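The structure appears right after this line, and notes come after that.
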Amino acid sequence: MEAAHLEMTGIRHVYGPVTVLDVPRFSVFRGECLAVLGPNGSGKSTLLRLASLQERPCQGTISYRGAEVGRRNGLDVRRRFVLLLQRPFLFAGSVERNILYGLKVRKVPHPEMTRRLEKAVALFSIGHLLRRDARKLSGGEVQRVNLARAFVLEPDILFLDEPFSPLDAPSREELIAELGRVLRSTGQTAVFVTHHREEAAYLGDRLAVLVGGRLLQEGRTEEVFAAPADDEAARLLGHATLLKGIVEEQRGDLLVVVHGGRRILAAGNAGERAEVLLFVRPEDVLLARQRFESSIRNWFEGRVIEVASSDRFALITMDCGFPLKALLTKASVEELGIRPGETFWAGVKASSLRALPAGAGRANGELA
Amino acid sequence: MALIWTGLRQAFGMLASLDPEVVRAALLTLKVSGLATLIALALGIPLGLWLSMARFPGRRVLVSLINTGMGLPPVVVGLFVALFLWRTGPLGGLHLIYTPAAMVIAQVIIVIPIIAGLSLAAFQNIDPLAVLQARALGASNIQAALVLFREARLPQLAALMAGFGGAISEVGAVLMVGGNIKGQTRVLTTAIVQETRMGRFEVAIALSLVLLALSFAVNFVLTLIQQKGAKAWKPRTWR
């Protein structure tokens, strides 16, 4: 594996009596977009502020391209990075002044400044905004200017702290797509912090899951989504149904797990009598009036408790002896006549039901 | 009433003929108060900036002292500056008493708290994000502090106007340390006091008009700068 671009080792950071971050190792590689997913208060922003050298960690070292960052080279290395704040602050004056600010503090020569300005302006199509008063922009325009203000610096690493969270959903999706396009076309190394798993899935080449100031898991995005390290990571990654069972036997890649006197087939590896957690994503659950012959190995009969609809989808909560959530299109909900109080069969493929050793996570108390 | 009319008529006559005494007092006033305001600006704004960012024990006491100082009685300042500059005082060797320099020193002391206090309030009103944003874009700590300075430039102009207003209208301190010596340390305010005492109301009125006009002219220019860009746009509202 190539050497890390930026490497943090033995990082501990406290605010008063509270340890907000305890990360033995955190690496960023050249050319990747690393997404850090975590709930609010998990220490994501702190991790980002430390990694982007905005703040000095209480303990631990940070090295950049193999050289340790210290007081002597701190400002020089920090100037190779840019941090996009969650709530951007636009300086008084024109949009152009805002975009040029970072170049001016770095004392970039004038012709180079003009060249970079033109490039950044074209990248985010904001030419028409340059002369405008930065304080009179719409939310989406502010974010575009903010992105241009960062890209104009051509940073070695771009750090983004939930940059689009104040926006409405359509503008956010549009900007995420735009950012993804620009990141890929420029090969920009980026670290992106978010609590939206869709954003993490869309932008991240690699994904790190941060909960309670600790990294629970790190790996290629699709791998992390497919196999969360524990129940907490599973919940964060969108696996809504979690239950606990005892392994009866291992059959190849599959486990026979007993839960409430019922035998369930799940993907995973564990020893006999081991306690495991089973989880499934709502979109992997199928509902039917009657069970039918198919490759589906697990069928649970249950009563519909709740049907929560959005524009196109409905999240159905069933009581199958344990709470089970299923995500269906609204059309299928109407077609099947799914209403609270009715009884349905829920089908889950063994490969969609993942088993993990219990006790790895912390919030087992809430499990069925 | 007749006294006022006669006074006004004669005053306009003096102004129209550019009475040398009035012109001299006006020029000295501008010089002393202008210089005092500039010096106080150079000291007061960094002091306000530092107080808005630094955290140390005793900071609140210092801020309270500055806020009290915004209403510092000029005669008290005059007394202490006179005591220091008196021929037998600690700084008597500088021979500054009854010179324009002494008047500038006294006014600087009066104006510094006004400018420091108002700019401290201005800096504290700026979103703390401004500094974080500057650093996030690569600013050094000093460059980030300068952002505050620019963000707060409008309220700082207000501080400048208040400071200059305090200096140009002040009479107690300049009288005590300058001595109101005709042709040397006589400024508009001290001249008005003198002429009124002597019953030469027309001269006092002429001097007052000049003082008001000077004060207005300076503030008008500063206001033009301050209000530049403030568009006359008003949202349509009910009632």
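Here's how to read the names in the structure tokens: chain A, B, ... by the order shown, residue numbers from 1 in each chain, ligand numbers from 1 in the order shown.
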Item to complete: Might you pull out every residue within 7 Å of segment 50-60 of chain B, with only C-alpha atoms counted and same-chain residues fewer than 5 positions away left off, and present them as a VMD selection string?
Response: chain B and resid 120 123 to 124
Worksheet item: Leaving out Val108 of chain B and any residue of its chain fewer than 6 positions from it, which residues lie within 8 Å of it when counting only C-alpha atoms, given as a count of residues only?
Response: 4
Item to complete: Name the residues of segment 151-368 of chain A that come out as strand (DSSP E) in a backbone DSSP run; write them as a PyMOL selection string.
Response: chain A and resi 157-161+189-194+206-211+214-220+241-251+254-259+262-267+275-280+285-288+298-309+313-319+323-329+343-348+354-357
Kindly provide the residues of chain A that approach chain B to within 12 Å, each paired with its closest atom pair and their distance in Å to one decimal, based on only C-alpha atoms, listed by chain and increasing number, as a tab-separated table.
residue	atom	partner	partner_atom	distance
A:Leu48	CA	B:Ala136	CA	11.0
A:Arg49	CA	B:Ala136	CA	9.0
A:Leu50	CA	B:Ala136	CA	11.6
A:Ala51	CA	B:Ala136	CA	11.8
A:Ser52	CA	B:Ala136	CA	8.2
A:Leu53	CA	B:Ala136	CA	9.0
A:Gln54	CA	B:Ala136	CA	6.8
A:Glu55	CA	B:Arg135	CA	10.2
A:Gly74	CA	B:Ser140	CA	10.1
A:Leu75	CA	B:Ser140	CA	6.9
A:Asp76	CA	B:Gly138	CA	8.9
A:Val77	CA	B:Gly138	CA	9.5
A:Arg78	CA	B:Gly138	CA	6.5
A:Arg79	CA	B:Gly138	CA	4.8
A:Arg80	CA	B:Gly138	CA	8.1
A:Phe81	CA	B:Gly138	CA	7.5
A:Val82	CA	B:Leu137	CA	5.5
A:Leu83	CA	B:Ala136	CA	5.0
A:Leu84	CA	B:Ala136	CA	7.0
A:Leu85	CA	B:Gln133	CA	7.1
A:Gln86	CA	B:Gln133	CA	10.3
A:Arg87	CA	B:Leu129	CA	8.4
A:Pro88	CA	B:Gln133	CA	7.1
A:Phe89	CA	B:Ala130	CA	6.0
A:Leu90	CA	B:Ala130	CA	7.9
A:Phe91	CA	B:Glu151	CA	7.1
A:Ala92	CA	B:Glu151	CA	6.1
A:Gly93	CA	B:Glu151	CA	9.2
A:Ser94	CA	B:Gly229	CA	11.5
A:Asn98	CA	B:Ala134	CA	10.1
A:Ile99	CA	B:Leu137	CA	9.9
A:Leu100	CA	B:Leu137	CA	10.2
A:Tyr101	CA	B:Leu137	CA	7.7
A:Gly102	CA	B:Leu137	CA	5.2
A:Leu103	CA	B:Gly138	CA	8.7
A:Lys104	CA	B:Ala139	CA	9.1
A:Val105	CA	B:Ala139	CA	5.7
A:Arg106	CA	B:Gly138	CA	7.4
A:Lys107	CA	B:Ala139	CA	10.7
A:Arg132	CA	B:Gly229	CA	11.9
A:Asp133	CA	B:Gly229	CA	9.6
A:Arg135	CA	B:Glu151	CA	11.8
A:Asn146	CA	B:Leu137	CA	10.3
A:Leu147	CA	B:Leu137	CA	11.3
A:Ala148	CA	B:Leu137	CA	11.6
A:Arg149	CA	B:Leu137	CA	8.2
A:Ala150	CA	B:Leu137	CA	7.2
A:Phe151	CA	B:Leu137	CA	10.5
A:Val152	CA	B:Leu137	CA	10.4
A:Leu153	CA	B:Leu137	CA	8.4
A:Glu154	CA	B:Leu137	CA	11.4
A:Pro155	CA	B:Leu137	CA	9.9
A:Leu158	CA	B:Ala136	CA	10.5
A:Phe159	CA	B:Ala136	CA	9.4
A:Leu160	CA	B:Ala136	CA	10.5
A:Asp161	CA	B:Ala136	CA	11.1
Practice prompt. Please return as number ranges by chain: the residues of chain B that backbone DSSP assigns to helix (DSSP H, G or I).
Written response: B: 2-16, 20-53, 59-69, 74-85, 92-94, 100-125, 129-136, 141-151, 153-168, 172-178, 188-197, 201-227
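Residues lying within 7 Å of segment 231-241 of chain A, counting only C-alpha atoms and ignoring same-chain neighbours fewer than 3 positions away, are A:Arg197, A:Val209, A:Leu216, A:Phe225, A:Pro228, A:Phe279, A:Val280, A:Arg281, A:Pro282, A:Pro323, A:Leu324, A:Lys325, A:Gly361, A:Ala363.
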Fill in: Residues within 10 Å of Gln10 of chain B, only C-alpha atoms, excluding chain neighbours under 4 positions, as a list in words
Ile4, Trp5, Thr6, Met14, Leu15, Ala16, Phe201, Glu202, Val203, Ile205 and Ala206 of chain B
Discussion item. Please list as a PyMOL selection string every residue within 10 Å of Gln226 of chain B, counting only C-alpha atoms and excluding residues in the same chain fewer than 5 positions away.
Written reply: chain B and resi 153-158+220-221
Worksheet item: So which residues touch segment 13-29 of chain A within 6 Å, counting only C-alpha atoms, skipping near sequence neighbours fewer than 2 positions away, as a list in words?
Response: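 Those residues are Ala4, His5, Leu6, Glu7, Met8, Thr9, Gly10, Ile11, Glu32, Gly43, Pro57, Cys58, Gly213 and Arg214 of chain A.
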Suppose we keep N, CA and C atoms; can you now write the selection as a short mmCIF file (atom, residue, chain, number, x, y, z; two decimals), in the first residue's frame?
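New file again_28.cif:
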data_model
loop_
_atom_site.label_atom_id
_atom_site.label_comp_id
_atom_site.auth_asym_id
_atom_site.auth_seq_id
_atom_site.Cartn_x
_atom_site.Cartn_y
_atom_site.Cartn_z
N ALA A 4 0.76 6.94 3.46
CA ALA A 4 -0.33 7.90 3.65
C ALA A 4 0.18 9.31 3.37
N HIS A 5 -0.70 10.14 2.81
CA HIS A 5 -0.43 11.54 2.55
C HIS A 5 -0.38 12.27 3.89
N LEU A 6 -1.44 12.05 4.63
CA LEU A 6 -1.56 12.66 5.96
C LEU A 6 -1.82 11.53 6.94
N GLU A 7 -1.08 11.57 8.04
CA GLU A 7 -1.26 10.49 9.01
C GLU A 7 -1.34 11.05 10.41
N MET A 8 -2.38 10.64 11.13
CA MET A 8 -2.52 11.06 12.53
C MET A 8 -2.31 9.82 13.38
N THR A 9 -1.48 9.95 14.41
CA THR A 9 -1.15 8.80 15.25
C THR A 9 -1.37 9.14 16.72
N GLY A 10 -2.05 8.23 17.41
CA GLY A 10 -2.21 8.37 18.86
C GLY A 10 -2.92 9.65 19.27
N ILE A 11 -3.95 10.02 18.50
CA ILE A 11 -4.62 11.30 18.77
C ILE A 11 -5.63 11.16 19.91
N GLU A 32 -7.68 10.21 -2.91
CA GLU A 32 -8.93 9.59 -2.49
C GLU A 32 -9.90 10.61 -1.91
N GLY A 43 -17.71 13.67 17.23
CA GLY A 43 -16.32 14.13 17.16
C GLY A 43 -15.83 14.32 15.73
N PRO A 57 -3.85 18.94 18.54
CA PRO A 57 -4.40 17.91 19.43
C PRO A 57 -3.71 17.95 20.79
N CYS A 58 -4.45 17.53 21.85
CA CYS A 58 -3.85 17.50 23.19
C CYS A 58 -2.74 16.45 23.23
N GLY A 213 -16.33 9.54 19.40
CA GLY A 213 -14.92 9.92 19.37
C GLY A 213 -13.99 8.78 18.98
N ARG A 214 -14.55 7.61 18.64
CA ARG A 214 -13.70 6.48 18.25
C ARG A 214 -14.05 6.02 16.84
#
Discussion item. Taking 5 positions as the minimum chain separation for residues in the same chain, which residues sit within 9 Å of Ala191 of chain B when counting only C-alpha atoms? Answer as a list in words.
Written reply: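 Non-adjacent residues within range: Val22, Ala25, Asn180, Lys182, Arg186, Thr196, Val203, Ala204 and Leu207 of chain B.
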Worksheet item: How far is it from atom CA of Val256 of chain A to atom CA of Glu283 of chain A, in Å with one decimal?
Response: 22.5 Å
Item to complete: Select, from A:Leu327, A:Ala169, A:Asp230, A:Leu123, the residue with the minimum atom-to-atom distance to Val182 of chain A, counting only C-alpha atoms.
Response: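 So, comparing all the options, the nearest one is A:Leu123.
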Discussion item. Could you check the closest approach to Ala201 of chain A for each of A:Met318, A:Asn40, A:Leu183, A:Glu223 and tell me which residue wins, using only C-alpha atoms?
Written reply: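 Comparing A:Met318, A:Asn40, A:Leu183, A:Glu223 against Ala201 of chain A, the winner is A:Glu223.
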Worksheet item: How many Å separate atom CA of Ser119 of chain B from atom CA of Phe216 of chain B?
Response: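 Atom-to-atom, atom CA of Ser119 of chain B to atom CA of Phe216 of chain B, that is 22.0 Å.
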Worksheet item: Suppose you want the space between atom CA of Pro20 of chain B and atom CA of Gly183 of chain B; what is it in Å?
Response: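 Here the two named atoms are 9.8 Å from each other.
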Worksheet item: Using only C-alpha atoms, which of A:Leu37, A:Val193, A:Val142, A:Ala346 sits nearest Val224 of chain A?
Response: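 For Val224 of chain A, the nearest of the given residues is A:Leu37.
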